[in-house]
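Peer 1: First the structure, then my questions, so here it is.
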Amino acid sequence: MDASKDCGDSNDGALILQRMLRPGHLGLRLPVQTTMKELWRPPKRGSIKVILDALFHVASNVSISGIIARNESGQIMGACTYPHLDVANAFLAEACVCERAITFAEDMTFQDVHFEGDSLTVIKKINSREEDKSVLRPVLQNIKDYKGNFDRATFCFDRRKANVAAYVLASKGRRYQEPMYWVEEAPEVVDRTVAEDWVKWLCGMEKLYFVLHEGHQSFFSLKSIVSISYGCVGSVFGEISSGFPLLFWFL
């Protein structure tokens, strides 16, 4: 059976992992155990996950939105940074990044989208059926109106550790005075963070094992990669540069 057909377009995730594990490419130390709630998690097949974060500068009342869209294989489908002027407070900054994220998703013609941010207060207000009476009201209402333009659009809270890439992108966005957009790519520093997220996700699976020859570093080249994707069974066979066998196995 062709596992890649059974599990959707999983080759993109495999290529990300292959590039990361190239000798000396990132020099990552892969955690064997981590808390799953702290990890970026891929969306279900056919969906897009949009992670978002905002940086707010109190003295200038300027906020920078960082937004990244990824598919179930971990591939970046689009990204953007957006500066907002005359932002009253941090809560408004978080609401603005949610508004910018949903308009960005519409511009990218996504239809099934899962948005994740780390402002629990704003996410609750977006999902509330009650009319908001705060300064956030116009922005929140605009977000709710935009949701009707999608087949499915959901907003959920997630911890900052799960959307580090959006924070990194927002930080880079401080260098730009105008909105910046990327399609199927992102700045190098963001691409690196996204690749780290993918490997951490794989390493966070309970039945992921590393079999390395004792005393050797984890610098190796992959020979073949089979079916790496969310909810799939896969194995990665490679070889350490010294010739010792390496096996990744996850269920």
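Within each chain, counting starts at residue 1; across the structure tokens, chains are named A, B, ... in the order shown, with ligands numbered 1 upward in that order.
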Using backbone DSSP assignments, extract all strand (DSSP E) residues from region 92-158 of chain A; output them as a ChimeraX atom specification.
Peer 2: /A:112-117,152-157
Peer 1: I want to know what sits within 9 Å of Ala170 (chain A), based on only C-alpha atoms, with residues of the same chain fewer than 4 positions away left out; could you give that as a count of residues only?
Peer 2: 14
Peer 1: So that I can see what lies close to Leu92 (chain A), please list as a PyMOL selection string the residues with an atom at most 9 Å from it, counting only C-alpha atoms and leaving out residues fewer than 3 positions away in the same chain.
Peer 2: chain A and resi 87-89+95-97+122+135-136+139
Peer 1: How would the residues just picked look written out with N, CA and C atoms as a PDB file, in the first residue's frame?
Peer 2:
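Resulting contents of out_34.pdb:
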ATOM      1  N   VAL A  87      -2.874  51.827  18.557  1.00  0.00           N
ATOM      2  CA  VAL A  87      -3.494  50.712  19.272  1.00  0.00           C
ATOM      3  C   VAL A  87      -3.544  51.061  20.762  1.00  0.00           C
ATOM      4  N   ALA A  88      -4.740  51.034  21.320  1.00  0.00           N
ATOM      5  CA  ALA A  88      -4.940  51.536  22.689  1.00  0.00           C
ATOM      6  C   ALA A  88      -4.271  50.685  23.751  1.00  0.00           C
ATOM      7  N   ASN A  89      -4.314  49.350  23.593  1.00  0.00           N
ATOM      8  CA  ASN A  89      -3.766  48.466  24.627  1.00  0.00           C
ATOM      9  C   ASN A  89      -3.451  47.093  24.047  1.00  0.00           C
ATOM     10  N   ALA A  95      -6.725  41.472  19.494  1.00  0.00           N
ATOM     11  CA  ALA A  95      -7.931  41.417  18.671  1.00  0.00           C
ATOM     12  C   ALA A  95      -7.607  41.763  17.219  1.00  0.00           C
ATOM     13  N   CYS A  96      -6.719  42.737  17.039  1.00  0.00           N
ATOM     14  CA  CYS A  96      -6.335  43.154  15.681  1.00  0.00           C
ATOM     15  C   CYS A  96      -5.622  42.035  14.928  1.00  0.00           C
ATOM     16  N   VAL A  97      -4.794  41.274  15.615  1.00  0.00           N
ATOM     17  CA  VAL A  97      -4.099  40.187  14.919  1.00  0.00           C
ATOM     18  C   VAL A  97      -5.087  39.095  14.526  1.00  0.00           C
ATOM     19  N   VAL A 122      -9.359  37.357  24.464  1.00  0.00           N
ATOM     20  CA  VAL A 122      -9.852  37.716  23.135  1.00  0.00           C
ATOM     21  C   VAL A 122     -10.518  36.526  22.453  1.00  0.00           C
ATOM     22  N   VAL A 135     -14.058  48.229  24.203  1.00  0.00           N
ATOM     23  CA  VAL A 135     -13.452  48.920  23.066  1.00  0.00           C
ATOM     24  C   VAL A 135     -13.141  47.947  21.927  1.00  0.00           C
ATOM     25  N   LEU A 136     -13.183  46.666  22.219  1.00  0.00           N
ATOM     26  CA  LEU A 136     -12.897  45.656  21.204  1.00  0.00           C
ATOM     27  C   LEU A 136     -14.094  45.362  20.304  1.00  0.00           C
ATOM     28  N   VAL A 139     -13.943  45.464  16.319  1.00  0.00           N
ATOM     29  CA  VAL A 139     -13.030  44.460  15.758  1.00  0.00           C
ATOM     30  C   VAL A 139     -13.619  43.066  15.902  1.00  0.00           C
TER      31      VAL A 139
END
Peer 1: Please list as a list in words every residue within 7 Å of Arg152 (chain A), counting only C-alpha atoms and excluding residues in the same chain fewer than 2 positions away.
Peer 2: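 Near Arg152 (chain A), the qualifying residues are Gln111, Asp112, Val113, Phe150 and Thr154 of chain A.
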Peer 1: In Å, how far is it from CA of His57 (chain A) to CA of Ala90 (chain A)?
Peer 2: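 So the two atoms, CA of His57 (chain A) and CA of Ala90 (chain A), lie 8.6 Å apart.
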Peer 1: Please report the interatomic distance between CA of Lys49 (chain A) and CA of Asn71 (chain A) in Å with one decimal.
Peer 2: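 CA of Asn71 (chain A) lies at a distance of 6.3 Å from CA of Lys49 (chain A).
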Peer 1: Taking only C-alpha atoms into account, name the residue in A:Asn163, A:Thr193, A:Asn149, A:Ser171 that is nearest to Glu38 (chain A).
Peer 2: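 Closest residue, counting only C-alpha atoms: A:Asn163.
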Peer 1: Residues of region 84-208 of chain A in helix (DSSP H, G or I) according to DSSP, as a count of residues only?
Peer 2: 68
Peer 1: Could you jot down the CA of Val199 (chain A) to CA of Ser73 (chain A) separation for me, Å, one decimal place?
Peer 2: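 For CA of Val199 (chain A) relative to CA of Ser73 (chain A), the distance reads 11.6 Å.
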